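Visitor: Below is the file query_35.txt, with compact mmCIF, C-alpha atoms.
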# COMPACT_ATOMS: atom_id res chain seq x y z
CA MET R 154 24.06 -28.02 -0.53
CA MET R 155 25.79 -26.57 2.50
CA ASP R 156 27.46 -28.28 5.42
CA ILE R 157 26.34 -27.67 8.97
CA THR R 158 27.45 -28.96 12.34
CA ILE R 159 24.70 -29.12 14.88
CA THR R 160 24.27 -30.72 18.29
CA ILE R 161 21.09 -32.77 18.50
CA ASN R 162 20.19 -34.32 21.85
CA ASN R 163 23.81 -34.18 23.02
CA ALA R 164 25.23 -35.74 19.84
CA GLU R 165 27.22 -33.61 17.41
CA VAL R 166 26.10 -34.15 13.85
CA THR R 167 27.58 -32.90 10.59
CA ALA R 168 25.21 -32.88 7.66
CA SER R 169 24.70 -31.46 4.22
CA VAL R 170 21.52 -29.45 3.70
CA GLU R 171 19.84 -27.44 1.01
CA PRO R 172 19.36 -23.82 2.16
CA ARG R 173 15.59 -24.07 1.85
CA THR R 174 15.33 -27.13 4.10
CA THR R 175 13.63 -26.08 7.30
CA LEU R 176 15.04 -27.24 10.61
CA ALA R 177 11.87 -29.31 11.06
CA ASP R 178 12.28 -31.13 7.74
CA PHE R 179 15.96 -31.68 8.39
CA LEU R 180 15.30 -33.20 11.82
CA ARG R 181 12.41 -35.34 10.59
CA ASP R 182 13.71 -36.52 7.23
CA GLN R 183 17.46 -36.75 7.80
CA ARG R 184 17.58 -37.45 11.53
CA ARG R 185 14.30 -39.33 11.97
CA MET R 186 13.18 -37.11 14.82
CA THR R 187 9.52 -37.83 14.17
CA SER R 188 8.32 -36.25 17.40
CA ILE R 189 8.40 -33.01 15.41
CA HIS R 190 5.01 -32.58 13.79
CA LEU R 191 4.23 -30.24 10.94
CA GLY R 192 0.71 -28.92 11.28
CA CYS R 193 0.53 -25.47 9.72
CA GLU R 194 4.08 -24.76 8.54
CA HIS R 195 3.70 -21.08 9.29
CA GLY R 196 4.37 -20.78 13.00
CA VAL R 197 0.79 -20.84 14.29
CA CYS R 198 -0.06 -24.38 15.42
CA GLY R 199 3.05 -24.93 17.53
CA ALA R 200 3.34 -28.67 16.79
CA CYS R 201 6.96 -28.32 15.60
CA THR R 202 8.20 -26.58 18.77
CA ILE R 203 11.64 -27.76 19.89
CA ILE R 204 14.36 -26.32 22.11
CA ALA R 205 17.16 -24.48 20.30
CA ASP R 206 19.99 -22.99 22.35
CA GLY R 207 17.94 -23.38 25.51
CA ALA R 208 14.68 -21.78 24.38
CA PRO R 209 11.59 -23.09 22.59
CA VAL R 210 11.38 -22.18 18.90
CA ARG R 211 9.29 -23.11 15.87
CA SER R 212 11.37 -25.48 13.77
CA CYS R 213 9.11 -25.10 10.69
CA ILE R 214 9.96 -21.45 10.01
CA ILE R 215 13.71 -21.49 10.52
CA TYR R 216 16.24 -23.04 8.18
CA ALA R 217 18.60 -25.82 9.14
CA VAL R 218 21.44 -23.97 7.43
CA SER R 219 20.93 -21.01 9.76
CA CYS R 220 21.28 -23.33 12.77
CA ASP R 221 24.94 -24.18 12.14
CA GLY R 222 26.50 -24.52 15.59
CA ALA R 223 23.16 -24.62 17.43
CA VAL R 224 22.31 -26.94 20.30
CA ILE R 225 18.98 -28.64 19.67
CA GLN R 226 16.83 -30.68 21.99
CA THR R 227 13.81 -32.67 20.86
CA ILE R 228 11.47 -34.87 22.84
CA GLU R 229 13.60 -37.86 21.81
CA GLY R 230 16.35 -36.44 24.00
CA CYS R 231 14.20 -35.86 27.08
CA ASP R 232 13.99 -39.40 28.45
CA ASP R 233 16.22 -38.64 31.41
CA ASP R 234 15.01 -35.10 32.04
CA PRO R 235 13.42 -35.03 35.52
CA ILE R 236 11.04 -32.15 34.74
CA MET R 237 9.89 -33.90 31.59
CA ALA R 238 9.30 -37.08 33.61
CA GLU R 239 7.04 -35.12 35.98
CA LEU R 240 5.20 -33.59 33.04
CA ARG R 241 4.73 -36.96 31.30
CA ASP R 242 3.22 -38.44 34.45
CA ALA R 243 0.96 -35.42 34.93
CA PHE R 244 -0.21 -35.46 31.29
CA THR R 245 -1.15 -39.14 31.78
CA ALA R 246 -2.88 -38.58 35.11
CA HIS R 247 -4.86 -35.52 34.00
CA HIS R 248 -5.82 -36.55 30.46
CA GLY R 249 -3.43 -34.05 28.93
CA LEU R 250 -3.49 -35.81 25.58
CA GLN R 251 -5.72 -37.87 23.36
CA CYS R 252 -4.44 -38.38 19.81
CA GLY R 253 -0.94 -37.26 20.74
CA TYR R 254 -0.26 -35.11 17.70
CA CYS R 255 0.36 -31.90 19.66
CA THR R 256 1.86 -33.65 22.67
CA PRO R 257 5.64 -33.50 22.07
CA ALA R 258 5.43 -29.75 21.44
CA MET R 259 2.97 -29.31 24.31
CA LEU R 260 5.55 -30.94 26.58
CA MET R 261 8.29 -28.68 25.24
CA THR R 262 6.16 -25.60 25.88
CA ALA R 263 5.07 -26.94 29.27
CA ARG R 264 8.69 -27.43 30.27
CA ASP R 265 9.40 -23.82 29.34
CA ILE R 266 6.42 -22.64 31.42
CA VAL R 267 7.45 -24.68 34.45
CA THR R 268 11.05 -23.48 34.38
CA ARG R 269 10.55 -19.86 33.27
CA LEU R 270 7.36 -19.08 35.18
CA PRO R 271 7.45 -21.10 38.40
CA HIS R 272 4.71 -18.92 39.96
CA ALA R 273 2.29 -19.07 37.03
CA ASP R 274 -1.41 -19.53 37.76
CA ALA R 275 -3.89 -21.34 35.52
CA ASP R 276 -4.76 -18.17 33.57
CA ARG R 277 -1.10 -17.55 32.80
CA VAL R 278 -0.63 -21.17 31.75
CA ARG R 279 -3.56 -20.82 29.33
CA LEU R 280 -2.07 -17.61 27.94
CA GLU R 281 1.32 -19.26 27.46
CA LEU R 282 -0.36 -22.21 25.70
CA ALA R 283 -2.05 -19.92 23.15
CA GLY R 284 0.66 -20.82 20.65
CA ASN R 285 0.11 -24.59 20.83
CA ILE R 286 -3.08 -25.90 19.29
CA CYS R 287 -4.74 -29.08 20.56
CA ARG R 288 -7.88 -30.35 18.86
CA CYS R 289 -8.72 -33.19 21.28
CA THR R 290 -8.54 -32.19 24.90
CA GLY R 291 -10.14 -28.76 25.05
CA TYR R 292 -6.95 -27.81 26.93
CA ALA R 293 -8.53 -28.40 30.35
CA GLY R 294 -6.49 -31.55 30.94
CA ILE R 295 -3.30 -29.95 29.67
CA VAL R 296 -3.72 -26.94 31.94
CA ARG R 297 -4.48 -29.24 34.90
CA ALA R 298 -1.39 -31.31 34.17
CA ILE R 299 0.92 -28.30 33.98
CA MET R 300 -0.64 -26.78 37.10
CA ALA R 301 -0.14 -30.07 38.95
CA VAL R 302 3.58 -30.03 38.14
CA LEU R 303 3.90 -26.34 39.05
CA GLU R 304 2.12 -26.89 42.37
CA GLN R 305 4.14 -29.98 43.19
CA ARG R 306 7.38 -28.14 42.47
CA ARG R 307 6.27 -25.14 44.54
CA LYS R 308 5.49 -27.49 47.45
CA VAL R 309 8.91 -29.11 47.26
CA GLY R 310 10.51 -25.68 46.83
CA MET U 61 4.14 -25.49 2.16
CA LYS U 62 7.87 -25.37 1.56
CA PRO U 63 9.86 -22.33 0.45
CA ALA U 64 11.10 -21.93 -3.10
CA LYS U 65 14.80 -22.41 -3.76
CA PHE U 66 17.17 -19.70 -2.65
CA GLU U 67 20.85 -19.08 -2.08
CA TYR U 68 22.08 -18.48 1.44
CA ILE U 69 24.99 -16.54 2.84
CA LYS U 70 25.96 -15.66 6.39
CA PRO U 71 28.28 -12.62 6.46
CA SER U 72 30.68 -12.40 9.39
CA ASP U 73 30.36 -8.65 9.98
CA LEU U 74 28.42 -5.54 9.03
CA ALA U 75 30.80 -4.48 6.25
CA GLU U 76 30.50 -7.88 4.61
CA THR U 77 26.72 -7.68 4.96
CA MET U 78 26.56 -4.33 3.21
CA SER U 79 28.84 -5.41 0.41
CA ALA U 80 26.68 -8.52 -0.03
CA LEU U 81 23.60 -6.28 -0.21
CA ALA U 82 25.30 -4.17 -2.85
CA THR U 83 26.33 -7.11 -5.00
CA GLY U 84 24.72 -10.16 -6.48
CA ASP U 85 21.97 -10.37 -9.04
CA GLY U 86 18.34 -10.75 -8.18
CA PHE U 87 16.33 -10.21 -5.07
CA ASN U 88 18.25 -10.18 -1.77
CA ILE U 89 16.44 -10.29 1.55
CA VAL U 90 18.06 -9.85 4.94
CA LEU U 91 17.12 -12.65 7.34
CA ALA U 92 17.01 -11.88 11.06
CA GLY U 93 14.79 -14.01 13.30
CA SER U 94 12.85 -15.56 10.40
CA GLN U 95 9.54 -15.33 12.27
CA SER U 96 7.74 -13.24 9.64
CA LEU U 97 9.83 -13.99 6.60
CA GLY U 98 9.83 -17.74 7.33
CA PRO U 99 6.02 -18.06 7.12
CA MET U 100 5.89 -15.79 4.06
CA MET U 101 8.52 -17.89 2.31
CA ASN U 102 6.70 -21.10 3.22
CA PHE U 103 3.58 -19.63 1.62
CA ARG U 104 5.78 -18.48 -1.29
CA LEU U 105 4.49 -14.95 -0.81
CA ALA U 106 8.19 -14.08 -0.58
CA ARG U 107 10.60 -15.72 -3.05
CA PRO U 108 14.03 -14.17 -2.54
CA ASP U 109 16.89 -15.26 -4.76
CA ARG U 110 19.25 -14.96 -1.84
CA LEU U 111 18.98 -14.73 1.93
CA ILE U 112 21.59 -12.77 3.84
CA ASP U 113 21.53 -14.17 7.37
CA ILE U 114 22.48 -11.51 9.92
CA ARG U 115 21.08 -13.17 13.05
CA GLU U 116 24.45 -13.74 14.65
CA LEU U 117 25.97 -10.31 13.99
CA ASP U 118 26.90 -8.95 17.42
CA ALA U 119 27.21 -5.43 16.00
CA LEU U 120 23.41 -5.39 15.70
CA LYS U 121 22.72 -6.61 19.23
CA GLN U 122 24.07 -3.65 21.16
CA VAL U 123 22.07 -1.84 23.81
CA ALA U 124 23.32 1.45 25.28
CA ARG U 125 21.90 4.30 27.28
CA VAL U 126 23.07 7.55 25.68
CA ASP U 127 21.92 10.95 27.00
CA ASP U 128 18.15 11.11 26.75
CA HIS U 129 17.56 7.88 24.89
CA LEU U 130 18.22 4.16 24.85
CA PHE U 131 19.85 2.70 21.77
CA ILE U 132 18.45 -0.74 20.97
CA GLY U 133 20.18 -2.87 18.34
CA ALA U 134 18.03 -4.25 15.56
CA LEU U 135 18.65 -7.88 16.52
CA VAL U 136 17.40 -7.61 20.10
CA THR U 137 14.66 -10.21 20.46
CA HIS U 138 11.12 -9.64 21.71
CA ALA U 139 11.84 -12.18 24.47
CA ALA U 140 14.85 -10.19 25.71
CA ILE U 141 12.69 -7.08 25.94
CA GLU U 142 9.86 -9.04 27.59
CA ASP U 143 12.26 -10.44 30.19
CA GLY U 144 13.61 -7.00 31.12
CA ALA U 145 17.11 -7.73 29.81
CA LEU U 146 17.27 -4.08 28.68
CA PRO U 147 17.07 -0.99 30.92
CA ASP U 148 13.40 -0.08 31.19
CA VAL U 149 13.28 3.50 29.90
CA THR U 150 9.62 3.42 28.84
CA LYS U 151 8.01 2.78 32.23
CA GLY U 152 7.23 -0.78 31.22
CA MET U 153 5.63 0.01 27.86
CA MET U 154 8.12 -1.89 25.73
CA ILE U 155 7.99 -4.86 28.12
CA HIS U 156 4.21 -4.86 27.82
CA VAL U 157 4.29 -4.63 24.03
CA ALA U 158 6.96 -7.34 23.66
CA SER U 159 5.12 -9.78 25.89
CA GLY U 160 2.03 -9.54 23.69
CA ILE U 161 3.77 -10.38 20.41
CA ALA U 162 2.74 -13.76 19.00
CA TYR U 163 3.93 -16.62 21.24
CA ARG U 164 6.99 -17.21 23.40
CA ALA U 165 8.55 -19.58 20.85
CA VAL U 166 8.24 -16.80 18.27
CA ARG U 167 9.46 -14.09 20.65
CA ASN U 168 12.59 -16.12 21.39
CA ARG U 169 13.66 -15.74 17.79
CA GLY U 170 11.89 -12.68 16.40
CA THR U 171 13.67 -9.32 16.53
CA ILE U 172 12.55 -5.72 16.94
CA GLY U 173 14.51 -4.66 13.85
CA GLY U 174 13.04 -7.45 11.78
CA SER U 175 9.55 -6.40 12.80
CA ILE U 176 10.16 -2.78 11.80
CA ALA U 177 11.98 -3.57 8.54
CA HIS U 178 9.28 -6.08 7.59
CA ALA U 179 6.60 -3.43 8.30
CA ASP U 180 3.59 -5.69 8.57
CA PRO U 181 0.74 -3.31 9.47
CA ALA U 182 -0.50 -5.88 12.02
CA GLY U 183 2.87 -5.87 13.79
CA ASP U 184 3.24 -4.33 17.25
CA TRP U 185 6.53 -2.44 17.05
CA PRO U 186 5.57 -0.17 14.11
CA ALA U 187 2.75 1.35 16.20
CA ALA U 188 4.54 1.20 19.56
CA LEU U 189 7.82 2.78 18.42
CA LEU U 190 5.92 5.48 16.54
CA ALA U 191 3.98 6.35 19.71
CA LEU U 192 7.27 6.45 21.61
CA GLY U 193 8.79 8.80 19.04
CA ALA U 194 11.74 6.54 18.26
CA GLU U 195 14.36 7.23 15.64
CA VAL U 196 15.88 4.63 13.38
CA VAL U 197 19.63 4.34 12.83
CA ILE U 198 20.60 3.13 9.36
CA ASP U 199 24.01 2.02 8.12
CA GLY U 200 24.77 2.19 4.45
CA PRO U 201 27.51 2.50 1.88
CA ASN U 202 27.58 6.27 2.52
CA GLY U 203 27.80 6.03 6.28
CA THR U 204 25.23 6.24 9.03
CA ARG U 205 22.02 8.21 8.95
CA GLU U 206 19.16 8.68 11.37
CA MET U 207 15.54 9.46 10.78
CA ALA U 208 12.28 9.69 12.67
CA ILE U 209 10.41 6.42 12.56
CA ALA U 210 7.38 8.35 11.28
CA ASP U 211 9.34 9.10 8.09
CA PHE U 212 10.84 5.61 7.92
CA GLN U 213 7.49 3.80 7.89
CA ILE U 214 6.08 4.56 4.45
CA ASP U 215 3.38 1.99 3.83
CA ALA U 216 2.46 -1.65 4.40
CA PHE U 217 5.65 -3.71 3.99
CA THR U 218 7.46 -0.57 2.81
CA VAL U 219 10.17 1.35 4.68
CA ALA U 220 12.69 4.01 3.68
CA LEU U 221 15.71 1.70 3.37
CA GLU U 222 17.77 2.43 0.28
CA ALA U 223 19.67 -0.19 -1.71
CA GLY U 224 22.62 -1.52 0.26
CA GLU U 225 21.39 -0.10 3.57
CA ILE U 226 20.75 -2.00 6.76
CA LEU U 227 18.75 -1.09 9.85
CA ARG U 228 21.19 -0.92 12.77
CA GLY U 229 18.82 -0.09 15.57
CA PHE U 230 16.61 2.43 17.31
CA ARG U 231 16.93 5.43 19.56
CA VAL U 232 14.06 5.27 22.02
CA PRO U 233 13.49 8.44 24.09
CA ILE U 234 13.64 7.90 27.84
CA LEU U 235 10.23 8.62 29.34
CA SER U 236 10.06 11.00 32.29
CA ASP U 237 8.71 9.86 35.63
CA ALA U 238 5.43 11.63 34.98
CA ALA U 239 5.02 10.13 31.51
CA ARG U 240 1.94 8.07 30.74
CA TRP U 241 1.31 5.37 28.19
CA GLY U 242 -1.43 3.02 27.12
CA TYR U 243 -1.34 0.21 24.59
CA HIS U 244 -4.35 -1.80 23.56
CA LYS U 245 -4.38 -4.53 20.97
CA ILE U 246 -7.53 -6.22 19.70
CA SER U 247 -7.05 -9.70 18.28
CA ARG U 248 -9.19 -12.82 18.05
CA LYS U 249 -6.97 -14.75 20.43
CA PRO U 250 -3.79 -14.01 22.38
CA GLY U 251 -0.84 -14.00 20.01
CA ASP U 252 -2.89 -13.73 16.85
CA PHE U 253 -2.29 -10.92 14.36
CA ALA U 254 -3.79 -7.65 15.55
CA ASP U 255 -7.13 -6.48 14.18
CA SER U 256 -6.52 -3.11 15.74
CA ILE U 257 -3.87 -1.42 17.88
CA GLY U 258 -4.20 1.77 19.89
CA ALA U 259 -1.01 3.28 21.33
CA PHE U 260 -0.79 6.45 23.39
CA VAL U 261 2.28 8.07 24.94
CA CYS U 262 2.45 11.38 26.76
CA ASN U 263 5.98 12.29 27.81
CA SER U 264 5.66 15.25 30.10
CA ARG U 265 9.40 16.00 29.92
CA SER U 266 9.27 16.80 26.24
CA GLY U 267 5.66 17.96 26.32
CA VAL U 268 4.94 15.63 23.45
CA ALA U 269 1.87 13.43 23.22
CA ARG U 270 1.23 10.90 20.50
CA LEU U 271 -1.80 8.78 19.70
CA VAL U 272 -1.21 6.08 17.12
CA LEU U 273 -3.52 3.67 15.35
CA GLY U 274 -1.94 0.42 14.21
CA ALA U 275 -3.19 -2.56 12.20
CA THR U 276 -4.49 -0.28 9.45
CA ASP U 277 -4.03 -1.05 5.75
CA GLY U 278 -0.80 0.94 5.63
CA ALA U 279 1.77 2.47 7.94
CA PRO U 280 0.48 3.26 11.43
CA LEU U 281 -1.55 6.43 11.64
CA GLN U 282 -0.67 9.37 13.91
CA LEU U 283 -3.51 11.39 15.44
CA ASN U 284 -1.45 14.34 16.68
CA ALA U 285 -4.08 17.03 17.21
CA ILE U 286 -6.31 14.91 19.41
CA ALA U 287 -3.27 13.58 21.28
CA SER U 288 -2.39 17.10 22.48
CA THR U 289 -5.97 17.68 23.61
CA ILE U 290 -5.98 14.36 25.47
CA ALA U 291 -2.73 15.28 27.22
CA GLU U 292 -4.06 18.70 28.25
CA THR U 293 -7.26 17.23 29.68
CA ASN U 294 -5.68 14.09 31.15
CA GLY U 295 -7.81 11.95 28.91
CA ALA U 296 -11.10 13.31 30.22
CA GLY U 297 -13.98 12.97 27.78
CA PHE U 298 -12.07 10.79 25.32
CA ASP U 299 -14.82 8.22 24.93
CA ILE U 300 -15.48 5.98 21.96
CA GLU U 301 -17.49 8.70 20.19
CA ALA U 302 -14.58 11.12 20.57
CA ALA U 303 -12.27 8.44 19.18
CA ARG U 304 -14.61 7.90 16.23
CA ALA U 305 -14.72 11.63 15.60
CA ALA U 306 -10.92 11.78 15.64
CA LEU U 307 -10.77 8.93 13.15
CA ALA U 308 -13.34 10.62 10.92
CA GLU U 309 -11.09 13.65 10.71
CA THR U 310 -8.32 11.62 9.12
CA GLU U 311 -8.28 11.07 5.40
CA GLU U 312 -8.61 7.33 5.90
CA ALA U 313 -11.85 5.60 4.96
CA PHE U 314 -12.62 2.71 7.30
CA GLU U 315 -15.47 0.24 6.99
CA PRO U 316 -18.01 0.86 9.79
CA PHE U 317 -16.99 -2.32 11.64
CA LYS U 318 -13.30 -1.48 11.40
CA ALA U 319 -13.92 2.13 12.39
CA ARG U 320 -15.69 1.02 15.56
CA MET U 321 -12.94 -1.46 16.43
CA HIS U 322 -10.21 1.11 15.82
CA ALA U 323 -12.08 3.68 17.93
CA LEU U 324 -12.36 1.15 20.73
CA ALA U 325 -8.63 0.35 20.61
CA LEU U 326 -7.75 4.06 20.75
CA GLN U 327 -10.20 4.77 23.57
CA ARG U 328 -8.93 1.84 25.65
CA ALA U 329 -5.28 2.81 25.09
CA VAL U 330 -5.97 6.31 26.39
CA ALA U 331 -8.07 5.00 29.28
CA ASP U 332 -5.21 2.68 30.28
CA ALA U 333 -2.78 5.61 30.23
CA TYR U 334 -4.89 7.57 32.75
CA LYS U 335 -6.10 4.61 34.79
CA THR U 336 -4.13 5.57 37.90
Please express what this file holds, its structure, as structure tokens.
Guide:
Amino acid sequence: MMDITITINNAEVTASVEPRTTLADFLRDQRRMTSIHLGCEHGVCGACTIIADGAPVRSCIIYAVSCDGAVIQTIEGCDDDPIMAELRDAFTAHHGLQCGYCTPAMLMTARDIVTRLPHADADRVRLELAGNICRCTGYAGIVRAIMAVLEQRRKVG
Amino acid sequence: MKPAKFEYIKPSDLAETMSALATGDGFNIVLAGSQSLGPMMNFRLARPDRLIDIRELDALKQVARVDDHLFIGALVTHAAIEDGALPDVTKGMMIHVASGIAYRAVRNRGTIGGSIAHADPAGDWPAALLALGAEVVIDGPNGTREMAIADFQIDAFTVALEAGEILRGFRVPILSDAARWGYHKISRKPGDFADSIGAFVCNSRSGVARLVLGATDGAPLQLNAIASTIAETNGAGFDIEAARAALAETEEAFEPFKARMHALALQRAVADAYKT
């Protein structure tokens, strides 16, 4: 076991982890961050996407031990995030989710799209979503939701 | 799945990394961004005894313009290249290639050096850096050495790193203003592993043209003779039949379906290079 210190949703946490424990398993099993979903465990489905040091990453293919000192944000820490609030409302209004399995990671990816690519069109949004698999919505609602937030933010400026 | 048990160390500098590589029993693997190795370890296709985590070594993140090339440290991420954080010396080619690798969440973590050292035939950088004529810079117990990436890439998942050596970075030639490039990847969906990659670079300053086929069964394939002809004729007449003929002249045996796909990737890469 190895000790790590890691900031999770603004709280500094010291924990003991086995080297082979992925960041996803550490956050789920030891920290009860159950918004992180493990679909494929090889970086393809995107359901485990979280924010590490300001950028979205796959938590299933990196090790907790290698994240010593990292700053992590999960959906549990996004309650007061204004962009996330806009995205949540838009996902509800535009049927951006059904079963909800992909949703936390979809929101994480959506937040990255909205902040990194403020001028994205629907085609670009679809391209950026290629790494997050949804089996319910056919993506149409998700794309509409993200576009609605982008357009609203462009209007406000 | 979950990875098998392993030991983990995080050296604080390059010297410590190399001495770690030289010591310890069993199978050591260097861990950079973990975006290829992570999945392989989860599948237990890779079962290292010990991981040597170099991701935070600043010595491997340097970028510097030196004479006629750009030095790019091995730990520069695909996302940094995509975002234009480096001087663009390839007329946008590296930006284009980086932005097509997997997904943003992967590009944020994955590194150019990791991609080359891992040497997955379906990877983008092995074909792209070969077309660009890059050199690799290697640090080892006996000092630093450089070699052409064509010699470094031996086979699928096999590169010319000796025991105790570490890939420090790449020297990428600066393309001239008149240079042309094309890069075409065929995959089932954006971000998926490549089924075929065509890469073409003609650098008029050096007079060198390279046509490369990636996503083969081994190291990327150079089609030098046809590349010179293409450069002389500005790509005229290089249709899919010409691409198939060029492939047929290699010693590689491709299934008919694969041969057609590879020919298409090559033809489209060249067409893109001479589009304007």
Visitor: Show me, as a list in words, the residues that have an atom within 7 Å of Ala329 in chain U when counting all atoms listed in the file, minus same-chain residues fewer than 2 positions from it.
Guide: Gly242, Tyr243, His244, Gly258, Ala259, Phe260, Ala325, Leu326, Gln327, Ala331, Asp332 and Ala333 of chain U
Visitor: Pick out the chain R residues within 7 Å of chain U. Count all atoms listed in the file. Give them as a PyMOL selection string.
Guide: chain R and resi 172-173+194-196+208-211+214-215+280+283-284
Visitor: Using only C-alpha atoms for the distances, tell me which of U:Leu273, U:Ala239, U:Ile155, U:Ala254 is nearest to Ile141 in chain U.
Guide: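 Using only C-alpha atoms, the shortest distance to Ile141 in chain U belongs to U:Ile155.
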Visitor: Take the point (-5.6, -24.7, 30.5) in the file's coordinates, draw a sphere of radius 12 Å around it, and report as number ranges by chain every protein, DNA or RNA residue with an atom inside or on it, counting all atoms listed in the file.
Guide: R: 247-249, 259, 263, 273-283, 285-287, 290-301
Visitor: May I ask for the distance between CA of Asp127 in chain U and CA of Val232 in chain U, given in Å to one decimal place?
Guide: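 A separation of 10.9 Å between them.
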Visitor: If you take every atom of range 233-250 of chain U that the file lists and fit an axis-aligned box around them with 3 Å extra on each side, what centre and edge lengths come out in Å to one decimal, as AutoDock Vina command-line options?
Guide:
--center_x 2.2 --center_y -1.6 --center_z 26.8 --size_x 28.8 --size_y 32.4 --size_z 23.6
Visitor: Suppose you want the space between CA of Thr158 in chain R and CA of Gly222 in chain R; what is it in Å?
Guide: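 Between CA of Thr158 in chain R and CA of Gly222 in chain R the gap works out to 5.6 Å.
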Visitor: Just the residues within 12 Å of Ala145 in chain U, please, counting all atoms listed in the file, with nothing from its chain fewer than 5 positions along; format it as a short mmCIF file (atom, residue, chain, number, x, y, z; two decimals) with C-alpha atoms, in the coordinates of the input.
Guide:
data_model
loop_
_atom_site.label_atom_id
_atom_site.label_comp_id
_atom_site.auth_asym_id
_atom_site.auth_seq_id
_atom_site.Cartn_x
_atom_site.Cartn_y
_atom_site.Cartn_z
CA GLN U 122 24.07 -3.65 21.16
CA VAL U 123 22.07 -1.84 23.81
CA ALA U 124 23.32 1.45 25.28
CA ILE U 132 18.45 -0.74 20.97
CA VAL U 136 17.40 -7.61 20.10
CA THR U 137 14.66 -10.21 20.46
CA HIS U 138 11.12 -9.64 21.71
CA ALA U 139 11.84 -12.18 24.47
CA ALA U 140 14.85 -10.19 25.71
CA MET U 154 8.12 -1.89 25.73
CA ILE U 155 7.99 -4.86 28.12
CA ALA U 158 6.96 -7.34 23.66
#
Visitor: One decimal, Å: what's the distance from CA of Ile189 in chain R over to CA of Ala182 in chain U, could you say?
Guide: 28.8 Å
Visitor: If you take only C-alpha atoms and a cut-off of 8 Å, which residues of range 95-202 of chain U touch range 221-226 of chain U, and what are their nearest atom pairs and distances in Å to one decimal, in chain and number order, as CSV?
Guide:
residue,atom,partner,partner_atom,distance
U:Ile198,CA,U:Ile226,CA,5.8
U:Asp199,CA,U:Ile226,CA,5.4
U:Gly200,CA,U:Glu225,CA,4.2
U:Pro201,CA,U:Gly224,CA,6.5
Visitor: Need the shell around Arg304 in chain U: protein/DNA/RNA residues with any atom at most 12 Å away, counting all atoms listed in the file. Skip same-chain ones fewer than 2 positions apart. Format as a list in words?
Guide: Leu273, Leu283, Ile286, Phe298, Asp299, Ile300, Glu301, Ala302, Ala306, Leu307, Ala308, Glu309, Thr310, Glu312, Ala313, Phe314, Pro316, Phe317, Lys318, Ala319, Arg320, Met321, His322, Ala323, Leu324, Ala325, Leu326 and Gln327 of chain U
Visitor: Counting all atoms listed in the file, which residue out of R:Ser212, R:Asp232, R:Arg241, R:Met155 sits closest to Gly199 in chain R?
Guide: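 Looking only at the distances to Gly199 in chain R, the closest residue turns out to be R:Ser212.
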Visitor: Determine the nearest neighbour of Ala205 in chain R from the options R:Ser188, R:Thr262, R:Ser169, R:Thr227, counting all atoms listed in the file.
Guide: R:Thr227
Visitor: Neighbouring residues of Arg288 in chain R were defined as those with any atom within 10 Å, considering all atoms listed in the file; residues of the same chain fewer than 4 positions away were excluded. Please report them as a PyMOL selection string.
Guide: chain R and resi 250-255+292
